[in-house]
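Engineer: Starting off with a structure, shown below.
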Amino acid sequence: MGLITVSGLGKAYKTYPTRLSRLAEWLLPMRGPRHALKWVLRDVSFQVAPGEAVGLIGINGAGKSTLLKLITGTTQPTTGGVAMHGSVAALLELGMGFHPDFTGRQNAYMAGQLLGMTAEQITVLMPQIEAFADIGEYMDQPVRVYSSGMQMRVAFSVATARRPDILIVDEALSVGDAYFQHKSFDRIRQFRKEGTTLLLVSHDKQAIQSVCDRAILLDGGRLAREGRPEEIMDYYNAMIAERENDTVRQQEAAGGKVQTVSGTGEATVADIALLDETGERVEVVDVGSAVILEIRVRAHAPIPRMVLGYMIKDRLGQPMYGTNTHLKELPLDDVRAGEDVVYRFAFPMNLGPGTYSVATAIVSTETHLVNNYEWRDLALVFTVMNMRRPHFEGSAWLDPAVEIQRT
Amino acid sequence: MISPLMLRGLWAYRGFVLGSVKREFQSKYANAVLGAVWSVLSPLAMILVYTVIFSEVMRTKLPGADSGFAYSIYLCAGILTWGLFAEIIARGQSMFIEQANLIKKISFPRICLPLIVVLNALVNFGIIFGLFLVFLIATGNFPGWIFFTLLPVLVVQVLLAIGLAMIAGVLNVFFRDVGQFVTIAMQFWFWLTPIVYPISILPAQVRSMLVWNPMAPLIGAYQSVLVHGTAPDWAAIWPVAVLALLLCVFGMRLFRKRAGEMVDEL
């Protein structure tokens, strides 16, 4: 019980050049197909053994949702198939089909019936559903007066009222209040202990690593990697870093400069890179390793006094560290038009694991307000990973020497 | 036409089907003071309007009937049953589009949706037609045992509606023009069927064209039983029964063939 076998699964959507071509294809089947296939998922095969917990990760558009829909049977595969043994509960869209004018209790019946339960079965489970949802007298009030968290509570309680052989969970669980998130996660863990097979989709490293035995990475509709959760998560993070760099380049190429780059343009950043000790360009850096931030500035007009500054920010945009050549007392005087200046900033990467971005500014004094030649956000994105050191928390690498005295 | 797998799916989801029918009925009147009374008031208003306009203003005379209520009964016989037919088709052509969210996100037997539409329409029809029967009995116009010959007529009519609704419902997902077209076509079909006017006012050549209107013999059967107490014209009805079955088979085949693609298109 609780076995999921996915073999050679593929999904393609039909795209027709015009609305009429579908009609033509239907009415004149002998003339051959007129549609093109757009593949969103291809050749995906894997197995989830009974009682196993597998995490499914991938960026948006990698095909995670499509894969889940195929597994739950919402959509039909174009190639291959899915075989499942045992009862299935899917927490993909909680609160689907809730009617705002009906009470929580009535909607709980509706949700249960959508899962294939009869009214009698739900009546038996109702006390337990009510207790787990724990929303008190709101249970008998119309759902339109609920907060989204309360609706979630009812929906989750109904969906997990019976322990399924297979539980499929999407990130749906990340909504709702912290208390209920813990409560629901505990229930999932409990199910798992009792032998439920789990398929979990999440971006949350913590969730995947704490619950799953194995992780599967989807990329571009294909199964990119399969293995231990930590290994796959690390690979995934590196992949994102690369992707984020791509976007920046695309934005620049597409003339999106207005948003990311500002300034009068007498001097611009022609190139920016993070180099490791050997001088190789890197995008993923180990905690504490020595790096060089290399910035090539091109002057397009004569500049009497030029200062270059940079700021390293975390993924939320909080500044980690910033400095400039004025503060370092190294401003350049009389830069000629057409001159290339290469700056190298060497420092140890004493940041915690995560994704960081670098913003650059070319100015005439220490602030960018006097002569702002160029201001560039997200000029570079890189990832710091902890590859060699014991695990630590936070975004700074403040490794202590520990001394302990016992008396 | 219906595979055993479909039947098993329907049985497993009987709770959902019955619950949906009940909820839809409740939700329509949940916040109305008069509640379900409205489901009676609106057809009643329509019958009143037609009775006044056609029998008083336009002085339409029903040949061979002299009861004071004859024209009202004639109207009810046609309008109430047409209402059932029209409701199944109108709701059926939009059933998949309206439930797009559910279809896209939850795995359940899709065949539940047409069943819910048909059951809902039958509930609404049952209420209003039940009231009409009470009226017939109270005014002494109940035709007696011959009334029960209308049951097979009703079955044929519902089958015809289901067949058309399935075809329109599936096609509408892929070509939204179908929904618009069906709405207009139903208007014409209503007025091209002798429902508010007696067939006798039609010129002879138009009357002969009614052979091609499958609703004409069905509505005619209700009218002849309820107004005149004479049995339905079975010879005119059985071709409609065959047509209804063919449409049902075609509709189900279309549904089964396109159900998977439908999810991608919604």
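Chain lettering (A, B, ...) mirrors the order of the structure tokens, residue numbering begins at 1 for each chain separately, and ligand numbering begins at 1 in order of display.
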I'd like the contact shell of Leu67 (chain A) - 9 Å cut-off, only C-alpha atoms, skipping same-chain residues fewer than 6 positions apart - returned as a PyMOL selection string.
Structural biologist: chain A and resi 9-11+41+44+221
Engineer: The selected residues should be written to file as an mmCIF file, in the first residue's frame (atoms: N, CA and C atoms).
Structural biologist:
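The resulting part_15.cif:
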```cif
data_model
loop_
_atom_site.group_PDB
_atom_site.id
_atom_site.type_symbol
_atom_site.label_atom_id
_atom_site.label_comp_id
_atom_site.auth_asym_id
_atom_site.auth_seq_id
_atom_site.Cartn_x
_atom_site.Cartn_y
_atom_site.Cartn_z
ATOM 1 N N LEU A 9 6.533 9.617 -17.888
ATOM 2 C CA LEU A 9 5.436 10.569 -17.914
ATOM 3 C C LEU A 9 5.796 11.807 -18.735
ATOM 4 N N GLY A 10 4.885 12.191 -19.604
ATOM 5 C CA GLY A 10 5.082 13.393 -20.399
ATOM 6 C C GLY A 10 3.763 14.103 -20.589
ATOM 7 N N LYS A 11 3.817 15.425 -20.637
ATOM 8 C CA LYS A 11 2.599 16.190 -20.859
ATOM 9 C C LYS A 11 2.872 17.298 -21.858
ATOM 10 N N LEU A 41 6.357 18.725 -19.691
ATOM 11 C CA LEU A 41 6.914 17.672 -18.853
ATOM 12 C C LEU A 41 7.313 16.533 -19.768
ATOM 13 N N VAL A 44 9.531 11.702 -17.430
ATOM 14 C CA VAL A 44 9.755 11.684 -15.989
ATOM 15 C C VAL A 44 9.392 10.304 -15.447
ATOM 16 N N GLY A 221 10.907 20.821 -17.085
ATOM 17 C CA GLY A 221 10.008 19.728 -17.413
ATOM 18 C C GLY A 221 10.675 18.363 -17.390
#
```
Engineer: When the cut-off is 7 Å and we count only C-alpha atoms, which residues of chain A are near chain B, given as a PyMOL selection string?
Structural biologist: chain A and resi 13+72-76+93+96-97+110+113-114+116-119
Engineer: Just the number, please: distance in Å from CA of Leu80 (chain B) to CA of Thr230 (chain B), one decimal.
Structural biologist: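 Computed distance, CA of Leu80 (chain B) to CA of Thr230 (chain B), equals 19.2 Å.
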Engineer: Quote the spacing between CA of Ala270 (chain A) and CA of Tyr310 (chain A) in Å to one decimal place.
Structural biologist: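 Separation of CA of Ala270 (chain A) and CA of Tyr310 (chain A): 14.4 Å.
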Engineer: From region 202-360 of chain A, collect each residue whose DSSP state is helix (DSSP H, G or I) and return the set as JSON, numbers by chain.
Structural biologist: {"A": [205, 206, 207, 208, 209, 210, 211, 229, 230, 231, 232, 233, 234, 235, 236, 237, 238, 239, 240, 241, 242, 243, 244, 245, 246, 247, 248, 249, 250, 251, 252, 253, 257, 258, 259, 260]}
Engineer: If we count only C-alpha atoms, what is near Val285 (chain A) at a cut-off of 7 Å, once residues fewer than 6 positions away on the same chain are taken out, given as an MDAnalysis selection string?
Structural biologist: chainID A and resid 383:385
Engineer: So that I can check the surroundings of Ile162 (chain B), please list as a VMD selection string every protein, DNA and RNA residue that reaches within 8 Å of it, counting only C-alpha atoms and ignoring chain neighbours fewer than 5 positions away.
Structural biologist: chain B and resid 88 to 89 92 114 118 248
Engineer: Compare A:Gly338, A:Pro390, A:Gly2, A:Gly354 by their minimum atom-to-atom distance to Arg315 (chain A), counting only C-alpha atoms, and give me the closest one.
Structural biologist: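 Using only C-alpha atoms, the shortest distance to Arg315 (chain A) belongs to A:Gly354.
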Engineer: If we count only C-alpha atoms and set the cut-off at 10 Å, which residues sit around Leu160 (chain B), ignoring sequence neighbours fewer than 6 positions away in its own chain? Please answer as a list in words.
Structural biologist: Phe85, Ile88, Ile89, Leu154, Pro214, Met215, Val240, Ala241, Val242, Leu243, Ala244, Leu245, Leu246, Leu247 and Cys248 of chain B
Engineer: Just write the chosen residues, N, CA and C atoms, as a short mmCIF file (atom, residue, chain, number, x, y, z; two decimals), in the first residue's frame.
Structural biologist:
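again_6.cif, freshly written:
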```cif
data_model
loop_
_atom_site.label_atom_id
_atom_site.label_comp_id
_atom_site.auth_asym_id
_atom_site.auth_seq_id
_atom_site.Cartn_x
_atom_site.Cartn_y
_atom_site.Cartn_z
N PHE B 85 -36.56 21.88 -20.36
CA PHE B 85 -35.70 21.64 -21.50
C PHE B 85 -34.66 22.74 -21.64
N ILE B 88 -31.91 22.79 -18.76
CA ILE B 88 -30.85 21.78 -18.90
C ILE B 88 -29.84 22.23 -19.95
N ILE B 89 -30.34 22.77 -21.06
CA ILE B 89 -29.42 23.16 -22.13
C ILE B 89 -28.63 24.41 -21.73
N LEU B 154 -41.86 12.80 -21.10
CA LEU B 154 -40.90 13.56 -20.29
C LEU B 154 -39.51 12.95 -20.39
N PRO B 214 -38.13 18.81 -33.40
CA PRO B 214 -38.37 17.67 -32.50
C PRO B 214 -39.12 18.08 -31.23
N MET B 215 -39.11 19.35 -30.88
CA MET B 215 -39.80 19.75 -29.66
C MET B 215 -41.30 19.87 -29.90
N VAL B 240 -38.51 11.22 -32.47
CA VAL B 240 -37.82 12.13 -31.56
C VAL B 240 -37.03 11.33 -30.52
N ALA B 241 -37.64 10.22 -30.07
CA ALA B 241 -36.95 9.36 -29.10
C ALA B 241 -35.66 8.81 -29.69
N VAL B 242 -35.73 8.39 -30.96
CA VAL B 242 -34.53 7.87 -31.62
C VAL B 242 -33.48 8.97 -31.72
N LEU B 243 -33.91 10.16 -32.14
CA LEU B 243 -33.00 11.29 -32.25
C LEU B 243 -32.35 11.60 -30.90
N ALA B 244 -33.17 11.59 -29.84
CA ALA B 244 -32.67 11.90 -28.50
C ALA B 244 -31.59 10.90 -28.11
N LEU B 245 -31.83 9.62 -28.37
CA LEU B 245 -30.85 8.59 -28.02
C LEU B 245 -29.56 8.79 -28.81
N LEU B 246 -29.70 9.06 -30.11
CA LEU B 246 -28.52 9.28 -30.94
C LEU B 246 -27.70 10.46 -30.43
N LEU B 247 -28.39 11.55 -30.07
CA LEU B 247 -27.69 12.73 -29.56
C LEU B 247 -26.97 12.41 -28.25
N CYS B 248 -27.63 11.61 -27.39
CA CYS B 248 -27.01 11.22 -26.12
C CYS B 248 -25.74 10.42 -26.37
#
```
Engineer: Could you check the closest approach to Leu115 (chain A) for each of A:Val143, A:Ile4, A:Cys212, A:Ala155 and tell me which residue wins, using only C-alpha atoms?
Structural biologist: A:Ala155
Engineer: Can you tell me which residues surround Ala359 (chain A) at a distance of at most 9 Å, considering only C-alpha atoms, apart from same-chain residues fewer than 5 positions away, and format the answer as a list in words?
Structural biologist: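 These residues fall inside the cut-off: Gly309, Tyr310, Met311, Ile312, Lys313, Trp375, Arg376, Asp377, Leu378, Ala379 and Leu380 of chain A.
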Engineer: Quote the spacing between CA of Asp333 (chain A) and CA of Val358 (chain A) in Å to one decimal place.
Structural biologist: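 Answer for the CA of Asp333 (chain A) to CA of Val358 (chain A) separation: 24.9 Å.
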Engineer: Pick out the closest residue to Thr81 (chain B) from this set: B:Val249, B:Leu192, B:Val153, B:Ala236. Count only C-alpha atoms.
Structural biologist: B:Val153
Engineer: Would you please give, as a CSV table (one decimal) with C-alpha atoms, in the first residue's frame, all residues of region 325-355 of chain A that DSSP assigns to strand (DSSP E) based on the backbone?
Structural biologist:
```
chain,number,residue,atom,x,y,z
A,332,LEU,CA,40.9,58.8,-9.5
A,333,ASP,CA,41.5,62.2,-11.0
A,334,ASP,CA,41.2,63.2,-14.6
A,335,VAL,CA,40.0,60.1,-16.2
A,340,ASP,CA,39.1,51.5,-19.0
A,341,VAL,CA,39.7,51.2,-15.3
A,342,VAL,CA,39.8,47.9,-13.6
A,343,TYR,CA,39.1,47.8,-9.9
A,344,ARG,CA,39.8,44.7,-7.8
A,345,PHE,CA,38.4,44.4,-4.3
A,346,ALA,CA,39.8,41.4,-2.4
A,347,PHE,CA,38.1,40.2,0.7
A,348,PRO,CA,37.1,37.0,2.5
A,354,GLY,CA,22.2,32.5,0.9
A,355,THR,CA,21.9,34.5,-2.3
```
Engineer: Write out as a PyMOL selection string each polymer residue whose atoms come within 12 Å of Leu84 (chain B), counting only C-alpha atoms; drop sequence neighbours fewer than 6 positions from it.
Structural biologist: chain B and resi 43+77-78+90-92+117-129+154-155+157-162+219
